[in-house]
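Participant: Contents of final-v6.tsv (TSV, C-alpha atoms) are below:
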chain	number	residue	atom	x	y	z
A	426	MET	CA	5.78	7.55	-20.93
A	427	THR	CA	5.62	6.86	-17.20
A	428	ASP	CA	5.36	10.53	-16.21
A	429	ALA	CA	1.96	11.96	-15.36
A	430	GLN	CA	1.77	14.06	-18.53
A	431	ASP	CA	-1.60	13.69	-20.23
A	432	THR	CA	-4.71	15.77	-20.69
A	433	HIS	CA	-6.38	14.48	-17.53
A	434	THR	CA	-3.82	15.38	-14.85
A	435	ALA	CA	-4.08	19.13	-14.41
A	436	ASN	CA	-7.35	20.19	-12.77
A	437	ASP	CA	-9.56	17.10	-12.68
A	438	GLY	CA	-10.91	15.60	-9.48
A	439	PHE	CA	-9.73	12.28	-8.08
A	440	ALA	CA	-12.56	10.14	-9.45
A	441	THR	CA	-12.08	11.65	-12.91
A	442	LEU	CA	-8.35	10.95	-12.80
A	443	ALA	CA	-8.96	7.38	-11.66
A	444	ILE	CA	-11.07	6.73	-14.74
A	445	HIS	CA	-9.22	8.74	-17.38
A	446	ALA	CA	-5.55	9.47	-16.55
A	447	GLY	CA	-3.30	7.55	-18.94
A	448	GLN	CA	-6.36	5.94	-20.54
A	449	GLU	CA	-6.80	7.69	-23.87
A	450	PHE	CA	-9.02	5.77	-26.30
A	451	ASP	CA	-7.32	3.69	-28.96
A	452	PRO	CA	-6.61	6.05	-31.89
A	453	THR	CA	-6.87	3.30	-34.50
A	454	THR	CA	-10.24	1.79	-33.62
A	455	GLY	CA	-11.72	4.28	-31.17
A	456	ALA	CA	-11.97	1.57	-28.49
A	457	ILE	CA	-12.80	3.36	-25.23
A	458	ILE	CA	-10.65	0.88	-23.26
A	459	PRO	CA	-7.00	0.79	-24.37
A	460	PRO	CA	-5.94	-2.69	-25.50
A	461	ILE	CA	-3.64	-5.06	-23.67
A	462	TYR	CA	-0.31	-4.99	-25.46
A	463	GLN	CA	0.55	-8.64	-24.88
A	464	SER	CA	3.85	-8.41	-26.73
A	465	SER	CA	7.39	-9.17	-25.65
A	466	THR	CA	9.10	-7.05	-28.32
A	467	PHE	CA	8.41	-4.17	-30.70
A	468	VAL	CA	9.38	-3.70	-34.35
A	469	GLN	CA	11.87	-0.88	-34.97
A	470	ASP	CA	11.89	1.55	-37.88
A	471	GLY	CA	15.52	0.87	-38.63
A	472	ILE	CA	18.13	0.16	-35.96
A	473	GLY	CA	17.38	2.35	-32.98
A	474	GLY	CA	14.22	3.76	-34.55
A	475	LEU	CA	11.79	3.09	-31.74
A	476	ARG	CA	8.07	3.70	-32.02
A	477	GLY	CA	6.97	5.55	-28.90
A	478	GLY	CA	10.15	4.54	-27.11
A	479	TYR	CA	9.26	0.84	-27.02
A	480	GLU	CA	11.78	-1.85	-27.88
A	481	TYR	CA	11.47	-4.77	-25.44
A	482	GLY	CA	8.86	-5.63	-22.83
A	483	ARG	CA	11.22	-5.56	-19.87
A	484	SER	CA	12.16	-1.94	-20.50
A	485	ALA	CA	8.64	-0.68	-21.24
A	486	ASN	CA	5.23	-1.78	-22.44
A	487	PRO	CA	2.32	0.51	-23.42
A	488	THR	CA	-0.10	-1.19	-21.02
A	489	ARG	CA	2.35	-0.84	-18.16
A	490	SER	CA	3.02	2.77	-19.16
A	491	SER	CA	-0.68	3.57	-18.95
A	492	LEU	CA	-0.83	2.21	-15.41
A	493	GLU	CA	2.30	4.11	-14.41
A	494	THR	CA	0.89	7.38	-15.75
A	495	LEU	CA	-2.32	6.72	-13.84
A	496	LEU	CA	-0.50	5.95	-10.59
A	497	ALA	CA	1.58	9.12	-10.78
A	498	ALA	CA	-1.52	11.20	-11.43
A	499	LEU	CA	-3.44	9.72	-8.50
A	500	GLU	CA	-0.60	10.25	-6.01
A	501	GLY	CA	0.42	13.66	-7.40
A	502	GLY	CA	3.93	12.46	-8.22
A	503	ASP	CA	6.26	12.92	-11.16
A	504	THR	CA	7.06	9.27	-11.90
A	505	GLY	CA	5.14	6.04	-11.42
A	506	LEU	CA	6.67	2.59	-11.75
A	507	ALA	CA	4.71	-0.67	-11.75
A	508	PHE	CA	6.27	-3.88	-10.42
A	509	ALA	CA	5.52	-7.57	-10.20
A	510	SER	CA	4.66	-7.27	-6.48
A	511	GLY	CA	4.72	-4.79	-3.64
A	512	LEU	CA	7.87	-6.36	-2.22
A	513	ALA	CA	9.55	-6.19	-5.63
A	514	ALA	CA	8.84	-2.46	-5.63
A	515	GLU	CA	10.24	-2.11	-2.11
A	516	ASP	CA	13.35	-4.09	-3.02
A	517	ALA	CA	14.09	-1.92	-6.07
A	518	LEU	CA	13.72	1.22	-3.96
A	519	LEU	CA	16.00	-0.08	-1.21
A	520	ARG	CA	18.67	-1.11	-3.70
A	521	SER	CA	18.49	2.32	-5.32
A	522	ALA	CA	18.51	4.44	-2.16
A	523	LEU	CA	20.87	2.49	0.12
A	524	ARG	CA	24.41	1.18	0.25
A	525	PRO	CA	26.06	-1.23	2.74
A	526	GLY	CA	26.42	0.44	6.10
A	527	ASP	CA	23.36	2.66	5.68
A	528	HIS	CA	20.67	2.79	8.33
A	529	VAL	CA	16.86	2.62	7.98
A	530	VAL	CA	14.36	3.82	10.57
A	531	MET	CA	10.97	2.08	10.36
A	532	GLY	CA	7.83	1.73	12.44
A	533	ASN	CA	7.63	-1.00	15.04
A	534	ASP	CA	4.29	-2.08	13.55
A	535	VAL	CA	5.41	-2.35	9.93
A	536	TYR	CA	4.18	-5.05	7.54
A	537	GLY	CA	5.99	-8.31	8.28
A	538	GLY	CA	7.17	-8.73	4.69
A	539	THR	CA	8.81	-5.29	4.72
A	540	HIS	CA	10.62	-6.10	7.94
A	541	ARG	CA	11.74	-9.47	6.56
A	542	LEU	CA	13.05	-7.83	3.39
A	543	ILE	CA	15.05	-5.17	5.24
A	544	ASN	CA	16.18	-7.38	8.12
A	545	ARG	CA	16.91	-10.73	6.50
A	546	ILE	CA	17.67	-9.87	2.87
A	547	HIS	CA	19.22	-6.43	2.92
A	548	GLY	CA	20.54	-6.94	6.43
A	549	GLU	CA	22.90	-9.60	5.11
A	550	TRP	CA	24.30	-6.97	2.72
A	551	GLY	CA	25.10	-4.54	5.50
A	552	ILE	CA	21.90	-2.50	5.84
A	553	LYS	CA	21.09	-1.65	9.46
A	554	HIS	CA	17.68	-0.76	10.82
A	555	THR	CA	15.91	0.49	13.91
A	556	ALA	CA	12.22	-0.16	14.61
A	557	VAL	CA	10.57	2.59	16.63
A	558	ASP	CA	7.10	3.81	17.53
A	559	LEU	CA	6.49	6.39	14.81
A	560	THR	CA	3.82	8.09	16.90
A	561	ASP	CA	6.60	9.11	19.37
A	562	LEU	CA	8.36	11.93	17.52
A	563	ASP	CA	11.11	12.21	20.14
A	564	ALA	CA	11.91	8.51	19.74
A	565	VAL	CA	11.96	8.93	15.96
A	566	ARG	CA	14.29	11.93	16.23
A	567	ASP	CA	16.68	9.90	18.38
A	568	ALA	CA	16.61	6.95	15.98
A	569	LEU	CA	17.25	9.19	12.98
A	570	ALA	CA	20.34	10.58	14.69
A	571	ALA	CA	22.16	7.26	14.20
A	572	ASP	CA	25.12	7.35	11.83
A	573	GLY	CA	24.32	6.54	8.23
A	574	THR	CA	20.55	7.09	8.39
A	575	LYS	CA	19.41	7.33	4.80
A	576	LEU	CA	15.76	6.29	4.83
A	577	LEU	CA	12.68	6.73	7.02
A	578	TRP	CA	9.97	4.13	6.31
A	579	ILE	CA	6.44	5.09	7.33
A	580	GLU	CA	3.37	2.88	7.17
A	581	THR	CA	0.11	4.61	8.02
A	582	PRO	CA	-2.38	3.24	8.84
A	583	SER	CA	-0.13	0.45	10.03
A	584	ASN	CA	-0.64	-3.27	9.68
A	585	PRO	CA	-2.32	-4.69	11.72
A	586	LEU	CA	-2.69	-2.34	14.71
A	587	MET	CA	-3.90	0.65	12.70
A	588	LYS	CA	-1.48	3.18	14.15
A	589	ILE	CA	-1.67	6.59	12.50
A	590	SER	CA	1.61	8.42	11.96
A	591	ASP	CA	1.92	12.14	11.28
A	592	ILE	CA	3.39	12.14	7.78
A	593	ALA	CA	4.13	15.87	7.65
A	594	ALA	CA	5.90	15.92	11.01
A	595	LEU	CA	7.88	12.76	10.25
A	596	ALA	CA	8.87	14.03	6.81
A	597	GLU	CA	10.28	17.15	8.42
A	598	LEU	CA	12.32	15.05	10.86
A	599	GLY	CA	13.57	12.76	8.10
A	600	HIS	CA	14.56	15.57	5.79
A	601	ALA	CA	16.44	17.29	8.63
A	602	VAL	CA	18.96	14.43	8.55
A	603	GLY	CA	18.91	14.04	4.76
A	604	ALA	CA	16.84	10.84	4.76
A	605	VAL	CA	14.51	9.75	1.97
A	606	VAL	CA	10.99	9.61	3.40
A	607	VAL	CA	8.92	6.68	2.18
A	608	VAL	CA	5.24	6.06	2.93
A	609	ASP	CA	3.54	2.71	2.41
A	610	ASN	CA	0.09	3.92	1.35
A	611	THR	CA	-1.39	0.46	0.74
A	612	PHE	CA	-3.99	0.55	3.54
A	613	ALA	CA	-5.33	4.00	2.63
A	614	SER	CA	-4.72	4.25	-1.13
A	615	PRO	CA	-4.60	7.66	-2.81
A	616	ALA	CA	-8.39	7.76	-2.61
A	617	LEU	CA	-8.01	8.49	1.11
A	618	GLN	CA	-4.48	9.85	1.57
A	619	ARG	CA	-1.79	11.46	-0.60
A	620	PRO	CA	1.54	11.31	1.26
A	621	LEU	CA	3.54	13.25	-1.35
A	622	SER	CA	1.41	16.31	-0.65
A	623	LEU	CA	2.33	15.97	3.03
A	624	GLY	CA	6.09	15.96	2.40
A	625	ALA	CA	6.96	12.34	1.58
A	626	ASP	CA	9.45	11.63	-1.20
A	627	VAL	CA	8.21	8.19	-2.27
A	628	VAL	CA	4.93	6.30	-2.01
A	629	VAL	CA	4.88	2.51	-2.17
A	630	HIS	CA	1.87	0.29	-2.84
A	631	SER	CA	0.95	-3.30	-3.02
A	632	THR	CA	-1.39	-2.80	-5.98
A	633	THR	CA	-2.72	-6.27	-5.16
A	634	LYS	CA	-4.82	-4.63	-2.48
A	635	TYR	CA	-7.17	-1.63	-2.86
A	636	LEU	CA	-5.81	-0.41	-6.18
A	637	GLY	CA	-6.55	-3.71	-7.94
A	638	GLY	CA	-9.46	-4.25	-5.60
A	639	HIS	CA	-10.74	-7.61	-6.85
A	640	SER	CA	-8.26	-10.18	-5.46
A	641	ASP	CA	-7.26	-11.24	-8.97
A	642	VAL	CA	-3.86	-9.61	-9.48
A	643	ILE	CA	-0.45	-9.44	-7.80
A	644	GLY	CA	1.45	-6.19	-8.25
A	645	GLY	CA	3.33	-3.31	-6.69
A	646	ALA	CA	4.13	0.29	-7.42
A	647	LEU	CA	6.31	3.24	-6.53
A	648	VAL	CA	5.44	6.88	-7.10
A	649	LEU	CA	8.31	9.35	-6.75
A	650	ARG	CA	8.79	13.06	-7.04
A	651	ASP	CA	12.61	13.07	-7.12
A	652	GLY	CA	13.88	12.67	-10.67
A	653	GLU	CA	17.35	11.41	-9.76
A	654	LEU	CA	16.06	8.70	-7.42
A	655	ALA	CA	13.37	7.80	-9.94
A	656	GLN	CA	16.01	7.20	-12.61
A	657	LYS	CA	17.98	4.97	-10.22
A	658	VAL	CA	14.87	2.93	-9.45
A	659	ARG	CA	13.94	2.72	-13.09
A	660	PHE	CA	17.40	1.31	-13.86
A	661	GLN	CA	17.07	-1.24	-11.04
A	662	GLN	CA	13.73	-2.35	-12.45
A	663	PHE	CA	15.12	-2.66	-15.96
A	664	ALA	CA	18.31	-4.44	-14.86
A	665	ALA	CA	16.66	-6.86	-12.43
A	666	GLY	CA	13.41	-7.29	-14.33
A	667	ALA	CA	10.75	-7.11	-11.61
A	668	ILE	CA	8.13	-5.63	-13.92
A	669	ALA	CA	4.35	-5.74	-13.95
A	670	ALA	CA	3.17	-7.93	-16.83
A	671	PRO	CA	0.68	-6.47	-19.34
A	672	MET	CA	-2.32	-8.47	-18.11
A	673	GLU	CA	-1.65	-7.55	-14.47
A	674	ALA	CA	-1.20	-3.89	-15.40
A	675	TRP	CA	-4.49	-3.91	-17.34
A	676	LEU	CA	-6.37	-5.56	-14.48
A	677	THR	CA	-4.99	-3.01	-12.04
A	678	VAL	CA	-6.10	-0.13	-14.25
A	679	ARG	CA	-9.55	-1.68	-14.49
A	680	GLY	CA	-9.71	-1.92	-10.71
A	681	ILE	CA	-8.59	1.67	-10.17
A	682	LYS	CA	-11.52	2.99	-12.20
A	683	THR	CA	-13.84	2.17	-9.28
A	684	LEU	CA	-11.36	2.96	-6.50
A	685	ASP	CA	-13.12	6.11	-5.30
A	686	VAL	CA	-16.56	4.58	-4.96
A	687	ARG	CA	-15.21	1.34	-3.53
A	688	LEU	CA	-13.32	3.15	-0.77
A	689	GLN	CA	-16.46	5.04	0.14
A	690	ARG	CA	-18.30	1.75	0.72
A	691	HIS	CA	-15.32	0.03	2.38
A	692	SER	CA	-15.06	2.93	4.83
A	693	GLU	CA	-18.77	3.08	5.58
A	694	ASN	CA	-18.95	-0.66	6.24
A	695	ALA	CA	-15.80	-0.70	8.38
A	696	GLN	CA	-17.06	2.20	10.47
A	697	ALA	CA	-20.32	0.39	11.18
A	698	ILE	CA	-18.56	-2.86	12.08
A	699	ALA	CA	-16.02	-1.06	14.27
A	700	GLU	CA	-18.82	0.64	16.20
A	701	TYR	CA	-20.64	-2.68	16.62
A	702	LEU	CA	-17.54	-4.53	17.82
A	703	ALA	CA	-16.56	-1.71	20.20
A	704	GLU	CA	-19.71	-2.53	22.19
A	705	HIS	CA	-19.39	-6.31	21.99
A	706	PRO	CA	-18.50	-7.99	25.31
A	707	ALA	CA	-16.16	-10.50	23.60
A	708	ILE	CA	-13.97	-7.71	22.26
A	709	GLU	CA	-11.37	-6.06	24.45
A	710	ARG	CA	-10.38	-3.35	21.97
A	711	VAL	CA	-11.08	-2.25	18.41
A	712	TYR	CA	-8.23	-0.76	16.40
A	713	TYR	CA	-9.88	1.60	13.91
A	714	PRO	CA	-9.02	5.29	13.41
A	715	GLY	CA	-12.65	6.17	12.74
A	716	LEU	CA	-13.56	5.55	16.39
A	717	PRO	CA	-13.37	8.65	18.59
A	718	ASP	CA	-11.34	6.79	21.23
A	719	HIS	CA	-8.56	5.91	18.75
A	720	PRO	CA	-5.48	7.79	20.03
A	721	ALA	CA	-4.93	9.41	16.62
A	722	HIS	CA	-8.55	9.91	15.58
A	723	GLU	CA	-8.12	13.66	15.10
A	724	LEU	CA	-4.87	13.26	13.15
A	725	ALA	CA	-6.44	10.63	10.91
A	726	GLY	CA	-9.34	12.97	10.25
A	727	ARG	CA	-6.93	15.66	9.06
A	728	GLN	CA	-4.63	13.37	7.10
A	729	MET	CA	-7.20	11.08	5.49
A	730	SER	CA	-10.45	11.88	3.71
A	731	ARG	CA	-12.07	8.74	5.19
A	732	PHE	CA	-10.92	6.10	7.66
A	733	GLY	CA	-10.65	3.11	5.34
A	734	GLY	CA	-11.77	-0.49	5.27
A	735	MET	CA	-9.23	-2.13	7.59
A	736	LEU	CA	-9.64	-2.80	11.28
A	737	SER	CA	-8.30	-5.16	13.91
A	738	VAL	CA	-9.68	-6.37	17.21
A	739	ALA	CA	-8.24	-7.77	20.42
A	740	VAL	CA	-10.35	-10.71	21.53
A	741	ARG	CA	-10.89	-10.55	25.29
A	742	ALA	CA	-10.62	-14.29	25.99
A	743	GLY	CA	-7.18	-14.63	24.36
A	744	ALA	CA	-5.48	-16.54	21.57
A	745	ASP	CA	-7.73	-19.60	21.44
A	746	ALA	CA	-10.85	-17.45	21.25
A	747	ALA	CA	-9.22	-15.32	18.55
A	748	HIS	CA	-8.52	-18.49	16.56
A	749	ARG	CA	-12.13	-19.61	16.88
A	750	PHE	CA	-13.42	-16.20	15.81
A	751	ALA	CA	-11.21	-16.12	12.71
A	752	GLU	CA	-12.29	-19.64	11.73
A	753	SER	CA	-16.03	-19.22	12.38
A	754	THR	CA	-17.18	-16.50	10.00
A	755	ARG	CA	-19.35	-17.21	6.95
A	756	VAL	CA	-19.24	-14.05	4.78
A	757	PHE	CA	-15.75	-13.05	5.89
A	758	GLN	CA	-13.37	-15.53	4.26
A	759	LEU	CA	-10.29	-16.77	6.13
A	760	ALA	CA	-7.46	-15.71	3.84
A	761	GLU	CA	-4.31	-13.65	3.52
A	762	SER	CA	-4.35	-10.29	1.74
A	763	LEU	CA	-6.82	-7.42	1.93
A	764	GLY	CA	-8.48	-4.65	-0.03
A	765	GLY	CA	-10.72	-6.71	-2.29
A	766	VAL	CA	-14.45	-6.22	-2.71
A	767	GLU	CA	-15.01	-9.35	-0.63
A	768	SER	CA	-14.48	-9.34	3.14
A	769	LEU	CA	-11.51	-11.26	4.53
A	770	ILE	CA	-10.50	-12.19	8.06
A	771	GLY	CA	-7.08	-13.24	9.27
A	772	TYR	CA	-5.02	-14.14	12.31
A	773	PRO	CA	-1.84	-12.05	11.89
A	774	SER	CA	0.32	-13.89	14.43
A	775	ASP	CA	0.20	-17.10	12.35
A	776	MET	CA	-0.52	-15.61	8.94
A	777	THR	CA	0.61	-12.22	7.63
A	778	HIS	CA	3.02	-11.52	10.49
A	779	ALA	CA	4.36	-14.97	11.31
A	780	SER	CA	7.81	-13.88	10.10
A	781	VAL	CA	8.14	-11.29	12.90
A	782	ARG	CA	7.34	-13.55	15.84
A	783	GLY	CA	10.09	-13.18	18.41
A	784	THR	CA	11.01	-9.66	17.23
A	785	GLU	CA	9.97	-6.23	18.44
A	786	LEU	CA	7.24	-6.33	15.78
A	787	GLU	CA	5.50	-9.44	17.14
A	788	VAL	CA	1.70	-9.15	16.96
A	789	PRO	CA	-0.24	-10.04	20.13
A	790	ALA	CA	-1.80	-13.48	19.96
A	791	ASN	CA	-5.34	-12.25	20.58
A	792	ILE	CA	-5.43	-9.95	17.52
A	793	VAL	CA	-7.72	-10.67	14.56
A	794	ARG	CA	-7.60	-8.50	11.42
A	795	LEU	CA	-10.59	-7.74	9.22
A	796	SER	CA	-10.53	-6.44	5.66
A	797	VAL	CA	-14.08	-5.17	5.36
A	798	GLY	CA	-15.52	-5.58	1.88
A	799	ILE	CA	-18.43	-3.93	0.13
A	800	GLU	CA	-21.12	-6.53	0.83
A	801	ASP	CA	-24.35	-5.61	2.59
A	802	VAL	CA	-23.24	-4.25	5.95
A	803	HIS	CA	-26.09	-5.98	7.81
A	804	ASP	CA	-24.80	-9.35	6.59
A	805	LEU	CA	-21.28	-8.47	7.70
A	806	ILE	CA	-22.36	-7.41	11.17
A	807	ALA	CA	-24.50	-10.51	11.58
A	808	ASP	CA	-21.56	-12.65	10.48
A	809	VAL	CA	-19.05	-11.31	13.01
A	810	GLY	CA	-21.75	-11.45	15.67
A	811	GLN	CA	-22.51	-15.13	15.15
A	812	ALA	CA	-18.78	-15.95	14.96
A	813	LEU	CA	-18.15	-14.30	18.33
A	814	GLU	CA	-21.10	-16.07	19.93
A	815	GLY	CA	-20.00	-19.48	18.63
Let me see the file written as structure tokens.
Facilitator:
Amino acid sequence: MTDAQDTHTANDGFATLAIHAGQEFDPTTGAIIPPIYQSSTFVQDGIGGLRGGYEYGRSANPTRSSLETLLAALEGGDTGLAFASGLAAEDALLRSALRPGDHVVMGNDVYGGTHRLINRIHGEWGIKHTAVDLTDLDAVRDALAADGTKLLWIETPSNPLMKISDIAALAELGHAVGAVVVVDNTFASPALQRPLSLGADVVVHSTTKYLGGHSDVIGGALVLRDGELAQKVRFQQFAAGAIAAPMEAWLTVRGIKTLDVRLQRHSENAQAIAEYLAEHPAIERVYYPGLPDHPAHELAGRQMSRFGGMLSVAVRAGADAAHRFAESTRVFQLAESLGGVESLIGYPSDMTHASVRGTELEVPANIVRLSVGIEDVHDLIADVGQALEG
């Protein structure tokens, strides 16, 4: 039941899919919202006589299945799988696609948790990796030529420096050496970008972020179009147990229903704030693909339907001033994570990316990251303005 196979996946638009795919009304009561199946086990009609394929909550649950169908429909994939966290999803994929001695090529601006997982966890089991600037296709081609390359990991837009990588071009390079091409689509979400349509094999999400959208759930997801790899990942999930619980799955589905309209507002607000900060004397540089001077502005315009709600800034006066800025906002809350309706601000060097200090992925000490919410944009601009003047 995790394949995108219901009456709302053929010709409907994105917003319609987000509200209806995998969300058929309850046939018993007519309830428009499917119930939460808060059950650990399911009664069988005789030994092996499963109702709808359900036997035990670790293997499958109807609420989780509805989310997985929805995820596959939104990303245009064949199989969706919902996990307990984004890193749990990444771990299951890595265990399924790699063996000791294999080599991974990743961006040199990848999420710190992804780097930690590959470098410190899987690295101890013999997985090698190379971090490279994914915007340099020649450098990527050279890195992919290493013996045992089995996976190319793309994150676009990247965290926190908002680099934009050419998914189609990178997928072609990865496939030329037989690598599985993975795209972390957390920053964009399928509302803005659909990597599978550009040649990727797997999409990964922290559903905690824009998909959930309300900072009240932890979760992760994979959407795949390769049936053999999907079956391997499904087995890893079943055997290791890193599943999304029914309540978390239901909350994520609820959040996805407003994904399209939320991303419109996130993007509009972020664009306005980026333009304001680009002219502010305290800011050395704004990292936002919606600005014309972003080095990949044109590519982002082709690859994404909007530019998203995430941006970062380099504070001109350095690390101490960046600290003060991050700690002086009123509407923007100082916190980890991103993608919720409320605006958040963070200092990556000591927060989200502390684990990569001293590596090639180290974030400059004057960088501050903003997750722009859907509040009144005038309040948001006034807030960052007063924080920079303080």
Participant: Between A:Phe508, A:Trp578, A:Phe732, A:Tyr713, which is the closest to A:His630 once you count only C-alpha atoms?
Facilitator: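 Between A:Phe508, A:Trp578, A:Phe732, A:Tyr713, the residue approaching A:His630 most closely is A:Phe508.
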Participant: So, counting all atoms listed in the file, which residue among A:Leu786, A:Val797, A:Ala507, A:Leu813 is closest to A:Ser490?
Facilitator: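 Counting all atoms listed in the file, the residue closest to A:Ser490 is A:Ala507.
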Participant: Could you check how far atom CA of A:Gly652 sits from atom CA of A:Ser521, in Å to one decimal?
Facilitator: 12.5 Å
Participant: Could you tell me which of A:Glu500, A:Asp626, A:Glu767, A:Asp563 comes closest to A:Gly638 if we count all atoms listed in the file?
Facilitator: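 Between A:Glu500, A:Asp626, A:Glu767, A:Asp563, the residue approaching A:Gly638 most closely is A:Glu767.
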Participant: Which residue is closest to A:Ala485? Choose from A:Thr677, A:Asn610, A:Gln469, A:Gln662 and count all atoms listed in the file.
Facilitator: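 So, comparing all the options, the nearest one is A:Gln662.
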Participant: Pick from A:Ile543, A:Leu716, A:Val793, A:Ala498: nearest to A:Val740, with only C-alpha atoms counted?
Facilitator: A:Val793
Participant: Grab the atom CA of A:Ala570 to atom CA of A:Val628 distance for me, in Å with one decimal place.
Facilitator: 23.1 Å
Participant: Using all atoms listed in the file, pick whichever of A:Arg679, A:Gly501, A:Leu492, A:His719 has the shortest atom-to-atom distance to A:Gly624.
Facilitator: A:Gly501
Participant: What lies within 6 Å of A:Thr466 using all atoms listed in the file, ignoring chain neighbours under 4 positions off, as an mmCIF file with C-alpha atoms, in the coordinates of the input?
Facilitator:
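The file below, part_34.cif, is the result:
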data_model
loop_
_atom_site.group_PDB
_atom_site.id
_atom_site.type_symbol
_atom_site.label_atom_id
_atom_site.label_comp_id
_atom_site.auth_asym_id
_atom_site.auth_seq_id
_atom_site.Cartn_x
_atom_site.Cartn_y
_atom_site.Cartn_z
ATOM 1 C CA GLU A 480 11.780 -1.850 -27.880
ATOM 2 C CA TYR A 481 11.470 -4.770 -25.440
ATOM 3 C CA GLY A 482 8.860 -5.630 -22.830
#
Participant: Skipping near chain neighbours, those fewer than 4 positions away, what residues fall within 8 Å of stretch 522-524 of chain A using all atoms listed in the file, listed as an NGL selection string?
Facilitator: :A and (518 or 551-552 or 575-576 or 605 or 654)
Participant: Please compute the atom CA of A:Leu512-atom CA of A:Gly765 distance, one decimal, in Å.
Facilitator: 18.6 Å
Participant: List every protein, DNA or RNA residue with an atom no more than 8 Å from (-14.7, -3.8, -6.1) in the file's coordinates, counting only C-alpha atoms, and format the result as JSON, numbers by chain.
Facilitator: {"A": [638, 639, 680, 683, 684, 687, 765, 766, 767, 799]}
Participant: May I have the residues within 9 Å of stretch 538-541 of chain A as a PyMOL selection string, using all atoms listed in the file and disregarding those fewer than 3 positions away in the same chain?
Facilitator: chain A and resi 512+515+531+535+544-547+777-778+780-781+786
Participant: List the spatial neighbours of A:Gly666 as an MDAnalysis selection string - criterion: any atom at most 9 Å away, all atoms listed in the file, same-chain residues fewer than 2 positions off excluded.
Facilitator: chainID A and resid 483:484 508:509 661:664 668
Participant: So that I have them on file, write out the residues from the current selection with C-alpha atoms, as a short mmCIF file (atom, residue, chain, number, x, y, z; two decimals), keeping the file's coordinate frame.
Facilitator:
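So the final result, stored in result35.cif, reads:
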data_model
loop_
_atom_site.label_atom_id
_atom_site.label_comp_id
_atom_site.auth_asym_id
_atom_site.auth_seq_id
_atom_site.Cartn_x
_atom_site.Cartn_y
_atom_site.Cartn_z
CA ARG A 483 11.22 -5.56 -19.87
CA SER A 484 12.16 -1.94 -20.50
CA PHE A 508 6.27 -3.88 -10.42
CA ALA A 509 5.52 -7.57 -10.20
CA GLN A 661 17.07 -1.24 -11.04
CA GLN A 662 13.73 -2.35 -12.45
CA PHE A 663 15.12 -2.66 -15.96
CA ALA A 664 18.31 -4.44 -14.86
CA ILE A 668 8.13 -5.63 -13.92
#
Participant: Could you list, as a ChimeraX atom specification, every residue within 9 Å of A:Ala594, counting all atoms listed in the file and ignoring same-chain residues fewer than 3 positions away?
Facilitator: /A:562,590-591,597-599,623-624
